[in-house]
Every structure is written in structure tokens, then in C-alpha cells.
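Undergrad: Got a file for you: run_7.pdb, PDB, C-alpha atoms, pLDDT in the B column.
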ATOM      1  CA  MET A   8      18.491   9.731 -11.872  1.00 96.00           C
ATOM      2  CA  THR A   9      17.727   6.455 -13.540  1.00 97.00           C
ATOM      3  CA  ILE A  10      17.343   3.216 -11.565  1.00 98.00           C
ATOM      4  CA  LYS A  11      20.571   2.042 -13.201  1.00 97.00           C
ATOM      5  CA  GLU A  12      22.427   5.145 -11.970  1.00 98.00           C
ATOM      6  CA  ILE A  13      20.921   4.751  -8.493  1.00 98.00           C
ATOM      7  CA  THR A  14      22.161   1.154  -8.380  1.00 98.00           C
ATOM      8  CA  GLU A  15      25.651   2.259  -9.430  1.00 98.00           C
ATOM      9  CA  VAL A  16      25.953   5.165  -7.014  1.00 98.00           C
ATOM     10  CA  LEU A  17      24.893   2.909  -4.129  1.00 98.00           C
ATOM     11  CA  ASP A  18      27.139   0.058  -5.255  1.00 98.00           C
ATOM     12  CA  ALA A  19      23.936  -1.996  -5.049  1.00 98.00           C
ATOM     13  CA  ARG A  20      22.343  -4.888  -6.893  1.00 97.00           C
ATOM     14  CA  LEU A  21      19.239  -4.754  -9.046  1.00 97.00           C
ATOM     15  CA  LEU A  22      17.368  -7.953  -8.104  1.00 97.00           C
ATOM     16  CA  CYS A  23      14.551  -7.542 -10.594  1.00 97.00           C
ATOM     17  CA  GLY A  24      13.016  -5.044 -12.966  1.00 96.00           C
ATOM     18  CA  GLU A  25      15.980  -4.773 -15.348  1.00 94.00           C
ATOM     19  CA  GLU A  26      13.579  -3.630 -18.069  1.00 95.00           C
ATOM     20  CA  LYS A  27      12.965  -0.443 -16.083  1.00 94.00           C
ATOM     21  CA  ALA A  28      16.658   0.364 -15.512  1.00 96.00           C
ATOM     22  CA  ASP A  29      16.373   3.554 -17.562  1.00 97.00           C
ATOM     23  CA  LEU A  30      13.333   4.868 -15.709  1.00 97.00           C
ATOM     24  CA  GLU A  31      13.946   8.362 -14.300  1.00 97.00           C
ATOM     25  CA  ILE A  32      13.351   8.794 -10.569  1.00 96.00           C
ATOM     26  CA  GLU A  33      12.990  12.310  -9.178  1.00 95.00           C
ATOM     27  CA  VAL A  34      11.670  11.903  -5.646  1.00 98.00           C
ATOM     28  CA  ALA A  35      12.263   9.465  -2.816  1.00 98.00           C
ATOM     29  CA  PHE A  36      10.708   8.599   0.518  1.00 98.00           C
ATOM     30  CA  ALA A  37      12.287   6.506   3.277  1.00 98.00           C
ATOM     31  CA  SER A  38      10.054   4.716   5.766  1.00 97.00           C
ATOM     32  CA  ASP A  39       9.354   1.433   7.497  1.00 97.00           C
ATOM     33  CA  LEU A  40       5.833   2.607   8.169  1.00 97.00           C
ATOM     34  CA  MET A  41       3.696   1.532   5.218  1.00 97.00           C
ATOM     35  CA  SER A  42       0.769   3.624   6.528  1.00 96.00           C
ATOM     36  CA  ASP A  43       2.944   6.669   5.927  1.00 96.00           C
ATOM     37  CA  VAL A  44       3.859   5.513   2.410  1.00 97.00           C
ATOM     38  CA  LEU A  45       0.156   5.073   1.614  1.00 97.00           C
ATOM     39  CA  THR A  46      -0.503   8.761   2.275  1.00 96.00           C
ATOM     40  CA  LEU A  47       1.827   9.902  -0.530  1.00 96.00           C
ATOM     41  CA  ILE A  48       0.110  11.457  -3.500  1.00 93.00           C
ATOM     42  CA  ASP A  49       3.223  11.916  -5.653  1.00 93.00           C
ATOM     43  CA  ASP A  50       3.763   9.635  -8.619  1.00 88.00           C
ATOM     44  CA  ASN A  51       6.829   7.572  -9.345  1.00 91.00           C
ATOM     45  CA  VAL A  52       8.273   7.691  -5.825  1.00 97.00           C
ATOM     46  CA  LEU A  53      11.387   5.706  -4.924  1.00 98.00           C
ATOM     47  CA  LEU A  54      10.855   3.868  -1.623  1.00 98.00           C
ATOM     48  CA  ILE A  55      13.816   3.218   0.670  1.00 98.00           C
ATOM     49  CA  THR A  56      13.045   0.816   3.498  1.00 98.00           C
ATOM     50  CA  GLY A  57      14.491  -1.737   5.883  1.00 96.00           C
ATOM     51  CA  LEU A  58      11.249  -3.691   6.041  1.00 96.00           C
ATOM     52  CA  THR A  59      10.990  -6.765   3.807  1.00 96.00           C
ATOM     53  CA  ASN A  60       7.549  -8.316   3.832  1.00 95.00           C
ATOM     54  CA  THR A  61       4.701  -8.848   1.401  1.00 95.00           C
ATOM     55  CA  GLN A  62       2.949  -5.707   2.587  1.00 97.00           C
ATOM     56  CA  VAL A  63       5.832  -3.512   1.419  1.00 97.00           C
ATOM     57  CA  LEU A  64       5.263  -4.871  -2.091  1.00 97.00           C
ATOM     58  CA  ARG A  65       1.476  -4.511  -1.806  1.00 98.00           C
ATOM     59  CA  THR A  66       1.891  -0.940  -0.560  1.00 98.00           C
ATOM     60  CA  ALA A  67       4.160  -0.172  -3.513  1.00 98.00           C
ATOM     61  CA  GLU A  68       1.670  -1.762  -5.889  1.00 97.00           C
ATOM     62  CA  MET A  69      -1.260   0.320  -4.597  1.00 97.00           C
ATOM     63  CA  SER A  70       0.817   3.536  -4.524  1.00 97.00           C
ATOM     64  CA  ASP A  71       2.202   3.069  -8.050  1.00 96.00           C
ATOM     65  CA  ILE A  72       5.759   2.937  -6.663  1.00 97.00           C
ATOM     66  CA  GLN A  73       8.054   1.503  -9.324  1.00 97.00           C
ATOM     67  CA  CYS A  74      11.282   0.987  -7.412  1.00 98.00           C
ATOM     68  CA  ILE A  75      12.087  -0.145  -3.855  1.00 98.00           C
ATOM     69  CA  ILE A  76      15.525  -0.087  -2.235  1.00 98.00           C
ATOM     70  CA  PHE A  77      15.990  -2.584   0.600  1.00 98.00           C
ATOM     71  CA  ALA A  78      18.787  -1.238   2.773  1.00 97.00           C
ATOM     72  CA  ARG A  79      21.333  -3.035   4.983  1.00 96.00           C
ATOM     73  CA  ASN A  80      21.525  -6.220   2.927  1.00 94.00           C
ATOM     74  CA  LYS A  81      18.091  -7.402   4.016  1.00 93.00           C
ATOM     75  CA  VAL A  82      17.198 -10.878   2.823  1.00 92.00           C
ATOM     76  CA  VAL A  83      14.639 -10.554   0.040  1.00 95.00           C
ATOM     77  CA  SER A  84      12.659 -13.786  -0.414  1.00 96.00           C
ATOM     78  CA  GLU A  85      11.960 -15.370  -3.790  1.00 96.00           C
ATOM     79  CA  ASP A  86       8.242 -14.882  -3.144  1.00 95.00           C
ATOM     80  CA  LEU A  87       8.807 -11.164  -2.743  1.00 96.00           C
ATOM     81  CA  ILE A  88      10.814 -10.981  -5.962  1.00 97.00           C
ATOM     82  CA  ALA A  89       8.111 -12.947  -7.787  1.00 97.00           C
ATOM     83  CA  LEU A  90       5.493 -10.491  -6.537  1.00 96.00           C
ATOM     84  CA  ALA A  91       7.691  -7.569  -7.633  1.00 97.00           C
ATOM     85  CA  ARG A  92       8.107  -9.072 -11.107  1.00 97.00           C
ATOM     86  CA  GLU A  93       4.358  -9.640 -11.390  1.00 96.00           C
ATOM     87  CA  ASN A  94       3.770  -5.954 -10.634  1.00 95.00           C
ATOM     88  CA  GLU A  95       6.734  -4.662 -12.642  1.00 96.00           C
ATOM     89  CA  ILE A  96       8.405  -3.168  -9.569  1.00 97.00           C
ATOM     90  CA  SER A  97      12.210  -2.906  -9.553  1.00 98.00           C
ATOM     91  CA  ILE A  98      13.962  -4.162  -6.409  1.00 98.00           C
ATOM     92  CA  VAL A  99      17.377  -2.852  -5.426  1.00 98.00           C
ATOM     93  CA  SER A 100      19.350  -4.512  -2.629  1.00 97.00           C
ATOM     94  CA  CYS A 101      21.844  -2.223  -0.937  1.00 97.00           C
ATOM     95  CA  ARG A 102      24.370  -2.878   1.851  1.00 97.00           C
ATOM     96  CA  TYR A 103      24.290   0.666   3.200  1.00 98.00           C
ATOM     97  CA  SER A 104      22.004   1.799   6.034  1.00 98.00           C
ATOM     98  CA  VAL A 105      18.804   3.675   5.241  1.00 98.00           C
ATOM     99  CA  PHE A 106      20.523   6.857   6.471  1.00 98.00           C
ATOM    100  CA  LYS A 107      23.565   6.468   4.245  1.00 98.00           C
ATOM    101  CA  THR A 108      21.448   5.410   1.264  1.00 98.00           C
ATOM    102  CA  CYS A 109      19.317   8.540   1.660  1.00 98.00           C
ATOM    103  CA  GLY A 110      22.397  10.733   2.081  1.00 98.00           C
ATOM    104  CA  ILE A 111      24.024   9.475  -1.095  1.00 98.00           C
ATOM    105  CA  LEU A 112      20.865   9.790  -3.161  1.00 98.00           C
ATOM    106  CA  TYR A 113      20.036  13.234  -1.779  1.00 98.00           C
ATOM    107  CA  GLY A 114      23.576  14.357  -2.590  1.00 98.00           C
ATOM    108  CA  ALA A 115      23.158  12.978  -6.092  1.00 97.00           C
ATOM    109  CA  GLY A 116      20.081  15.112  -6.687  1.00 96.00           C
ATOM    110  CA  VAL A 117      17.116  12.899  -5.794  1.00 97.00           C
ATOM    111  CA  LYS A 118      14.532  15.161  -4.163  1.00 97.00           C
ATOM    112  CA  ALA A 119      12.619  14.686  -0.918  1.00 96.00           C
ATOM    113  CA  ILE A 120       8.817  14.785  -0.965  1.00 94.00           C
ATOM    114  CA  PHE A 121       8.350  16.823   2.197  1.00 91.00           C
TER     115      PHE A 121
ATOM    116  CA  MET B  22     -20.699  -5.349 -12.675  1.00 93.00           C
ATOM    117  CA  HIS B  23     -20.391  -7.034  -9.335  1.00 96.00           C
ATOM    118  CA  PHE B  24     -17.400  -8.780  -7.753  1.00 96.00           C
ATOM    119  CA  GLU B  25     -16.765 -10.362  -4.355  1.00 98.00           C
ATOM    120  CA  TYR B  26     -13.575 -11.212  -2.514  1.00 98.00           C
ATOM    121  CA  GLN B  27     -13.264 -13.230   0.705  1.00 98.00           C
ATOM    122  CA  ILE B  28     -10.808 -11.954   3.308  1.00 98.00           C
ATOM    123  CA  GLU B  29      -9.268 -14.092   6.020  1.00 97.00           C
ATOM    124  CA  GLY B  30      -8.600 -12.393   9.360  1.00 97.00           C
ATOM    125  CA  GLY B  31      -5.024 -12.624  10.593  1.00 95.00           C
ATOM    126  CA  ASN B  32      -3.544 -13.841   7.307  1.00 94.00           C
ATOM    127  CA  PHE B  33      -1.021 -11.145   6.430  1.00 93.00           C
ATOM    128  CA  THR B  34       0.520 -13.162   3.599  1.00 92.00           C
ATOM    129  CA  ARG B  35      -2.677 -12.744   1.621  1.00 95.00           C
ATOM    130  CA  ALA B  36      -3.504  -9.195   2.716  1.00 96.00           C
ATOM    131  CA  GLY B  37      -3.674  -6.999  -0.333  1.00 97.00           C
ATOM    132  CA  LEU B  38      -4.591  -9.737  -2.773  1.00 97.00           C
ATOM    133  CA  ALA B  39      -8.169  -8.511  -3.157  1.00 98.00           C
ATOM    134  CA  SER B  40      -7.049  -4.890  -3.612  1.00 98.00           C
ATOM    135  CA  SER B  41      -4.556  -6.104  -6.197  1.00 98.00           C
ATOM    136  CA  GLU B  42      -7.323  -7.897  -8.125  1.00 97.00           C
ATOM    137  CA  ILE B  43      -9.514  -4.791  -7.909  1.00 98.00           C
ATOM    138  CA  LYS B  44      -6.670  -2.640  -9.258  1.00 97.00           C
ATOM    139  CA  LYS B  45      -6.195  -4.980 -12.242  1.00 97.00           C
ATOM    140  CA  MET B  46      -9.916  -4.946 -12.936  1.00 97.00           C
ATOM    141  CA  LEU B  47     -10.166  -1.121 -12.810  1.00 97.00           C
ATOM    142  CA  LYS B  48      -7.195  -0.879 -15.169  1.00 96.00           C
ATOM    143  CA  GLN B  49      -8.909  -3.232 -17.614  1.00 96.00           C
ATOM    144  CA  LEU B  50     -12.000  -1.037 -17.417  1.00 96.00           C
ATOM    145  CA  ASN B  51      -9.835   1.960 -18.413  1.00 96.00           C
ATOM    146  CA  VAL B  52     -10.563   3.928 -15.262  1.00 97.00           C
ATOM    147  CA  ASP B  53      -8.413   7.068 -14.849  1.00 97.00           C
ATOM    148  CA  LEU B  54      -5.093   6.126 -13.197  1.00 96.00           C
ATOM    149  CA  GLY B  55      -5.392   8.839 -10.526  1.00 96.00           C
ATOM    150  CA  ILE B  56      -8.834   7.539  -9.521  1.00 97.00           C
ATOM    151  CA  ILE B  57      -7.523   3.955  -9.504  1.00 98.00           C
ATOM    152  CA  LYS B  58      -4.728   4.901  -7.110  1.00 97.00           C
ATOM    153  CA  LYS B  59      -7.080   6.617  -4.658  1.00 98.00           C
ATOM    154  CA  THR B  60      -9.573   3.750  -4.903  1.00 98.00           C
ATOM    155  CA  VAL B  61      -7.068   0.969  -4.305  1.00 98.00           C
ATOM    156  CA  VAL B  62      -5.193   2.830  -1.540  1.00 98.00           C
ATOM    157  CA  ALA B  63      -8.492   3.281   0.349  1.00 98.00           C
ATOM    158  CA  THR B  64      -9.516  -0.332  -0.364  1.00 98.00           C
ATOM    159  CA  TYR B  65      -6.137  -1.728   0.663  1.00 98.00           C
ATOM    160  CA  GLU B  66      -6.239   0.223   3.953  1.00 97.00           C
ATOM    161  CA  GLY B  67      -9.650  -1.351   4.556  1.00 98.00           C
ATOM    162  CA  GLU B  68      -8.454  -4.810   3.581  1.00 98.00           C
ATOM    163  CA  VAL B  69      -5.496  -4.519   5.969  1.00 97.00           C
ATOM    164  CA  ASN B  70      -7.921  -3.431   8.700  1.00 96.00           C
ATOM    165  CA  ILE B  71     -10.016  -6.580   8.168  1.00 97.00           C
ATOM    166  CA  VAL B  72      -6.905  -8.789   8.302  1.00 97.00           C
ATOM    167  CA  ALA B  73      -5.594  -6.907  11.340  1.00 96.00           C
ATOM    168  CA  HIS B  74      -8.756  -6.731  13.419  1.00 96.00           C
ATOM    169  CA  ALA B  75     -11.519  -9.036  12.167  1.00 97.00           C
ATOM    170  CA  TYR B  76     -12.093 -12.813  11.985  1.00 97.00           C
ATOM    171  CA  SER B  77     -13.216 -12.749   8.392  1.00 98.00           C
ATOM    172  CA  GLY B  78     -14.666 -10.403   5.848  1.00 98.00           C
ATOM    173  CA  THR B  79     -15.925  -9.845   2.340  1.00 98.00           C
ATOM    174  CA  ILE B  80     -15.200  -7.048  -0.099  1.00 98.00           C
ATOM    175  CA  TYR B  81     -18.012  -6.336  -2.566  1.00 98.00           C
ATOM    176  CA  VAL B  82     -17.289  -4.200  -5.619  1.00 98.00           C
ATOM    177  CA  ASP B  83     -20.060  -2.657  -7.684  1.00 98.00           C
ATOM    178  CA  PHE B  84     -18.980  -0.914 -10.843  1.00 97.00           C
ATOM    179  CA  ASP B  85     -21.003   1.182 -13.239  1.00 95.00           C
ATOM    180  CA  PRO B  86     -19.888   3.921 -15.656  1.00 93.00           C
ATOM    181  CA  GLU B  87     -20.733   6.618 -13.077  1.00 96.00           C
ATOM    182  CA  LYS B  88     -19.120   5.233  -9.953  1.00 97.00           C
ATOM    183  CA  VAL B  89     -17.447   2.368  -8.184  1.00 98.00           C
ATOM    184  CA  VAL B  90     -18.746   1.375  -4.762  1.00 98.00           C
ATOM    185  CA  ILE B  91     -16.604  -0.826  -2.554  1.00 98.00           C
ATOM    186  CA  LEU B  92     -18.230  -2.353   0.485  1.00 98.00           C
ATOM    187  CA  LEU B  93     -16.007  -3.962   3.097  1.00 98.00           C
ATOM    188  CA  GLU B  94     -17.960  -6.061   5.566  1.00 98.00           C
ATOM    189  CA  ASP B  95     -16.354  -7.953   8.400  1.00 98.00           C
ATOM    190  CA  GLU B  96     -17.218 -10.198  11.287  1.00 98.00           C
ATOM    191  CA  GLY B  97     -15.134  -9.041  14.170  1.00 97.00           C
ATOM    192  CA  PRO B  98     -14.913  -7.100  17.391  1.00 97.00           C
ATOM    193  CA  GLY B  99     -16.395  -3.937  15.858  1.00 97.00           C
ATOM    194  CA  ILE B 100     -15.438  -0.352  16.678  1.00 96.00           C
ATOM    195  CA  PRO B 101     -16.836   0.970  19.993  1.00 95.00           C
ATOM    196  CA  ASP B 102     -16.170   4.633  19.170  1.00 95.00           C
ATOM    197  CA  ILE B 103     -15.956   5.474  15.463  1.00 95.00           C
ATOM    198  CA  ASP B 104     -15.068   9.147  16.057  1.00 95.00           C
ATOM    199  CA  LYS B 105     -12.111   8.053  18.159  1.00 95.00           C
ATOM    200  CA  ALA B 106     -11.088   5.490  15.502  1.00 95.00           C
ATOM    201  CA  MET B 107     -11.140   8.250  12.889  1.00 94.00           C
ATOM    202  CA  THR B 108      -8.676  10.308  14.951  1.00 94.00           C
ATOM    203  CA  GLU B 109      -5.208  10.248  13.476  1.00 94.00           C
ATOM    204  CA  GLY B 110      -2.787   8.435  15.748  1.00 94.00           C
ATOM    205  CA  PHE B 111      -5.421   6.375  17.575  1.00 95.00           C
ATOM    206  CA  SER B 112      -4.763   2.662  17.161  1.00 95.00           C
ATOM    207  CA  THR B 113      -5.656  -0.636  18.804  1.00 94.00           C
ATOM    208  CA  ALA B 114      -3.393  -2.685  16.498  1.00 94.00           C
ATOM    209  CA  SER B 115      -1.314  -5.587  17.803  1.00 94.00           C
ATOM    210  CA  SER B 116       2.469  -5.685  17.706  1.00 94.00           C
ATOM    211  CA  THR B 117       2.244  -8.146  14.750  1.00 92.00           C
ATOM    212  CA  VAL B 118       0.314  -5.552  12.761  1.00 94.00           C
ATOM    213  CA  ARG B 119       2.873  -2.889  13.668  1.00 95.00           C
ATOM    214  CA  GLU B 120       5.713  -5.144  12.573  1.00 92.00           C
ATOM    215  CA  MET B 121       4.066  -5.327   9.147  1.00 93.00           C
ATOM    216  CA  GLY B 122       4.339  -1.542   8.845  1.00 95.00           C
ATOM    217  CA  PHE B 123       0.826  -0.594   9.950  1.00 96.00           C
ATOM    218  CA  GLY B 124      -1.056   0.233  13.148  1.00 93.00           C
ATOM    219  CA  ALA B 125      -0.068   3.868  13.469  1.00 94.00           C
ATOM    220  CA  GLY B 126      -3.662   5.077  13.551  1.00 94.00           C
ATOM    221  CA  MET B 127      -3.535   6.405  10.015  1.00 94.00           C
ATOM    222  CA  GLY B 128      -5.670   3.913   8.075  1.00 94.00           C
ATOM    223  CA  LEU B 129      -9.200   5.226   8.546  1.00 95.00           C
ATOM    224  CA  PRO B 130      -8.200   8.909   8.164  1.00 95.00           C
ATOM    225  CA  ASN B 131      -6.338   8.008   4.962  1.00 96.00           C
ATOM    226  CA  MET B 132      -9.374   6.120   3.647  1.00 97.00           C
ATOM    227  CA  LYS B 133     -11.470   9.231   4.262  1.00 97.00           C
ATOM    228  CA  LYS B 134      -8.873  11.372   2.473  1.00 97.00           C
ATOM    229  CA  ASN B 135      -8.818   9.153  -0.620  1.00 98.00           C
ATOM    230  CA  ALA B 136     -12.506   8.255  -0.915  1.00 98.00           C
ATOM    231  CA  ASP B 137     -15.033  10.588  -2.526  1.00 98.00           C
ATOM    232  CA  ASP B 138     -17.456   9.342   0.091  1.00 98.00           C
ATOM    233  CA  LEU B 139     -16.821   7.102   3.098  1.00 98.00           C
ATOM    234  CA  LYS B 140     -19.440   5.576   5.368  1.00 98.00           C
ATOM    235  CA  ILE B 141     -18.619   3.510   8.434  1.00 97.00           C
ATOM    236  CA  SER B 142     -20.990   1.611  10.675  1.00 97.00           C
ATOM    237  CA  SER B 143     -20.084  -0.831  13.366  1.00 97.00           C
ATOM    238  CA  GLU B 144     -21.586  -3.014  16.046  1.00 97.00           C
ATOM    239  CA  VAL B 145     -19.418  -4.139  18.947  1.00 97.00           C
ATOM    240  CA  GLU B 146     -18.802  -7.914  18.934  1.00 96.00           C
ATOM    241  CA  LYS B 147     -20.543  -8.226  15.552  1.00 98.00           C
ATOM    242  CA  GLY B 148     -18.461  -6.404  12.979  1.00 97.00           C
ATOM    243  CA  THR B 149     -17.798  -3.353  10.886  1.00 98.00           C
ATOM    244  CA  THR B 150     -19.009  -2.167   7.491  1.00 98.00           C
ATOM    245  CA  VAL B 151     -17.136   0.433   5.470  1.00 98.00           C
ATOM    246  CA  GLN B 152     -18.433   1.796   2.184  1.00 98.00           C
ATOM    247  CA  ILE B 153     -16.107   3.601  -0.192  1.00 98.00           C
ATOM    248  CA  THR B 154     -17.665   5.467  -3.118  1.00 98.00           C
ATOM    249  CA  MET B 155     -15.565   6.794  -5.977  1.00 98.00           C
ATOM    250  CA  PHE B 156     -17.119   8.891  -8.715  1.00 98.00           C
ATOM    251  CA  LEU B 157     -15.709   8.241 -12.156  1.00 96.00           C
ATOM    252  CA  LYS B 158     -16.939  11.412 -13.843  1.00 85.00           C
TER     253      LYS B 158
END
Would you write the structure of this file as C-alpha cells?

TA:
Amino acid sequence: MTIKEITEVLDARLLCGEEKADLEIEVAFASDLMSDVLTLIDDNVLLITGLTNTQVLRTAEMSDIQCIIFARNKVVSEDLIALARENEISIVSCRYSVFKTCGILYGAGVKAIF
Amino acid sequence: MHFEYQIEGGNFTRAGLASSEIKKMLKQLNVDLGIIKKTVVATYEGEVNIVAHAYSGTIYVDFDPEKVVILLEDEGPGIPDIDKAMTEGFSTASSTVREMGFGAGMGLPNMKKNADDLKISSEVEKGTTVQITMFLK
């Protein structure tokens, strides 16, 4: 699925990274534990999380994650969006819970890592 | 080539800035992307550890065509039992650190997994030194 399709299927908003809207995503990982995210060796992982702090962005940057979905309408600060833009990471804001977000994406064909 | 980055203990807003700079530098030096990822994941884990546990620290990067050596030195409480600290799941992190998404006792084991070579030495009430070596060939 592309980031654009993911945004549509979740009825979500793409807050930044419009230039990557056509990027294909195959696998996703949902976690609020950044230590767990940092152990992933797969490339081009979609991260679904409820945690919104600088370290989520830094973790994504180090792990080469190109798209993050913030679930449950979490407030995403301007600083966070600026950091995402700087690192060319797409940010999707979604009103659904992490569970529902995962369910929809899994049903739509996005694969789990483990 | 030699670079140095100062790390401030407790400042989570800035945690990751040094690793970010190191990633940009390695990209400019055309290092293999897979090696960059392993290098910066290990470095970032170490940087977060300094911010989470130490008062201050410095990250030294030495780059040559054969290898990149990253030395993380901190002034802090030190690690009384390194073997225990290397055990997955063992953590002494504060609730603040856990709220940031860390402190699950996975950092040091993940550094070991990503680094080609990892050396740790520590003195209680003085500080900790971690050396990450990545071979480029």
C-alpha cells in the first residue's frame, strides 16, 4: 500500500511528507516502546504508535523508518513536524486506536514483521 | 577524521542530536546504508543511555576508510555489574526515561547486536565508557 492509500483507508490526515505519498509500504510495527522499534532490522517499516515525543522521531530517523502513524488523534507539535520534515519522514494523524488502525491495515494487506 | 559531540545528561529534547549528526556525516562519506543503520542505532542507544543515566558525556567519532570507532564517555553513576546490565530486561531507568519509550533493559544488548565490536568499562561514581567499532570493509 502507498502512504496515500494508508491515509485514505484510515480516514486520516497526512501532516507532512506529501512528496512521499506514493511510497509503497509492505510491513508495519506497532509499539510505544522505542527500544523495541530499535531492534528491527527490516527496511521501510511503517510505525504505528500512541507516543508523541522527539525520541519517536529520532528512533524513526535512526531506523530508516519513513512513515509514522500517530493514533487516537494525538497532538503532534510543530517541533515534531519540523523534525519529521528535516528527516523526510511522513507523519499521519489518525483518530482510530492503535488496535483499530492495525486491524484495518492488516486487513488491507500490510504485513506484520513478526 | 575526528569529531566530538557534547551530551547533556537529563536533556531528552536534545537526545539523538549527536547520532543524527553522525548519520548525516556517514551518509556524506558514502558509507553503506546497512552499516550506517547499525552504527547509528548502536550510537543512539548509547546516547540515550548517557542522557538517561549520566550527568554529562562526550561522543568521539574516529573515521578511517577501514572502520569507524565511536567512543561514548560519560561522567555519571557508572555500572556496578556490567554482566547484569547486559542482561536483556534488566533496567535501572527512571519513570521519565520509560515515558520516553526506553528503559526496558534492551539498550546495551541491542548495542552489542548491532556493533561489530563493543567494549564497555565502568567505574562506580565516576562514569562509563562504551566503544563501538564498525568495520567498513

Undergrad: Suppose a student applies the PyMOL selection byres ((chain B and resi 115) around 12) to this structure; what residues should they get, written as a count of residues only?

TA: 19

Undergrad: Using all atoms listed in the file, which chain A residues lie at most 8 Å away from chain B, written as a ChimeraX atom specification?

TA: /A:39-43,45-46,58,60-63,65,68-71

Undergrad: Go through the shown structure with the PyMOL selection byres ((chain A and resi 100-112) around 12) and write out the matching residues as a PyMOL selection string.

TA: chain A and resi 8-10+12-23+32-39+53-59+74-84+88+97-99+113-119

Undergrad: As a list of chain:residue names, please: the residues near Val82 in chain B (cut-off 8 Å, only C-alpha atoms, same-chain neighbours under 2 positions excluded).

TA: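 Non-adjacent residues within range: B:Met22, B:His23, B:Phe24, B:Glu25, B:Ile80, B:Phe84, B:Val89, B:Val90, B:Ile91, B:Leu92.
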
Undergrad: Restricting the calculation to all atoms listed in the file: of B:Thr149, B:Ser77, B:Asp137, B:Glu87, which residue gets closest to Ile103 in chain B?

TA: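 That would be B:Thr149, the residue with the smallest distance to Ile103 in chain B.
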
Undergrad: Just give me the gap between CA of Gly67 in chain B and CA of Leu157 in chain B in Å, one decimal is fine.

TA: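 So the two atoms, CA of Gly67 in chain B and CA of Leu157 in chain B, lie 20.2 Å apart.
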
Undergrad: Tell me, in Å to one decimal, how far CA of Asp50 in chain A is from CA of Met107 in chain B.

TA: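 Taking CA of Asp50 in chain A and CA of Met107 in chain B, their separation equals 26.2 Å.
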
Undergrad: Excluding Ile96 in chain A and any residue of its chain fewer than 3 positions from it, enumerate the residues within 7 Å of it, using all atoms listed in the file, and give them as a list of chain:residue names.

TA: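 Residues near the query, excluding close chain neighbours: A:Gly24, A:Gln73, A:Cys74, A:Ala91, A:Arg92.
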
Undergrad: Using only C-alpha atoms, please write the residues we just selected to a file, as a PDB file, in the frame of the given file.

TA:
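Writing done, so here's part-v3.pdb:
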ATOM      1  CA  GLY A  24      13.016  -5.044 -12.966  1.00 96.00           C
ATOM      2  CA  GLN A  73       8.054   1.503  -9.324  1.00 97.00           C
ATOM      3  CA  CYS A  74      11.282   0.987  -7.412  1.00 98.00           C
ATOM      4  CA  ALA A  91       7.691  -7.569  -7.633  1.00 97.00           C
ATOM      5  CA  ARG A  92       8.107  -9.072 -11.107  1.00 97.00           C
TER       6      ARG A  92
END

Undergrad: When the PyMOL selection byres ((chain B and resi 153) around 6) is applied to the structure above, which residues does it catch, written out as a list in words?

TA: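 On the file shown, the PyMOL selection byres ((chain B and resi 153) around 6) covers Val90, Ile91, Ala136, Asp138, Leu139, Gln152 and Thr154 of chain B.
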
Undergrad: CA of Ile71 in chain B and CA of Gln49 in chain B are how many Å apart?

TA: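 According to the coordinates, CA of Ile71 in chain B and CA of Gln49 in chain B are separated by 26.0 Å.
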
Undergrad: Please identify all polymer residues within 10 Å of Gln27 in chain B, counting all atoms listed in the file, omitting same-chain residues fewer than 6 positions from it, and present them as a PyMOL selection string.

TA: chain B and resi 38-39+77-81+93-95

Undergrad: Add whatever atoms are absent from range 40-51 of chain B to reach N, CA and C atoms, and provide the output as a compact mmCIF listing (two decimals), in the coordinates of the input.

TA:
# COMPACT_ATOMS: atom_id res chain seq x y z
N SER B 40 -7.27 -6.24 -3.08
CA SER B 40 -7.05 -4.89 -3.61
C SER B 40 -6.27 -4.95 -4.92
N SER B 41 -5.35 -5.90 -4.98
CA SER B 41 -4.56 -6.10 -6.20
C SER B 41 -5.46 -6.51 -7.37
N GLU B 42 -6.38 -7.45 -7.09
CA GLU B 42 -7.32 -7.90 -8.12
C GLU B 42 -8.22 -6.73 -8.57
N ILE B 43 -8.64 -5.93 -7.59
CA ILE B 43 -9.51 -4.79 -7.91
C ILE B 43 -8.76 -3.78 -8.78
N LYS B 44 -7.48 -3.57 -8.46
CA LYS B 44 -6.67 -2.64 -9.26
C LYS B 44 -6.57 -3.12 -10.71
N LYS B 45 -6.31 -4.42 -10.88
CA LYS B 45 -6.20 -4.98 -12.24
C LYS B 45 -7.50 -4.81 -13.00
N MET B 46 -8.61 -5.05 -12.29
CA MET B 46 -9.92 -4.95 -12.94
C MET B 46 -10.20 -3.50 -13.36
N LEU B 47 -9.91 -2.54 -12.49
CA LEU B 47 -10.17 -1.12 -12.81
C LEU B 47 -9.30 -0.66 -13.98
N LYS B 48 -8.08 -1.21 -14.04
CA LYS B 48 -7.20 -0.88 -15.17
C LYS B 48 -7.79 -1.40 -16.48
N GLN B 49 -8.29 -2.64 -16.42
CA GLN B 49 -8.91 -3.23 -17.61
C GLN B 49 -10.12 -2.43 -18.07
N LEU B 50 -10.81 -1.82 -17.09
CA LEU B 50 -12.00 -1.04 -17.42
C LEU B 50 -11.65 0.40 -17.81
N ASN B 51 -10.32 0.65 -17.95
CA ASN B 51 -9.84 1.96 -18.41
C ASN B 51 -10.21 3.12 -17.51
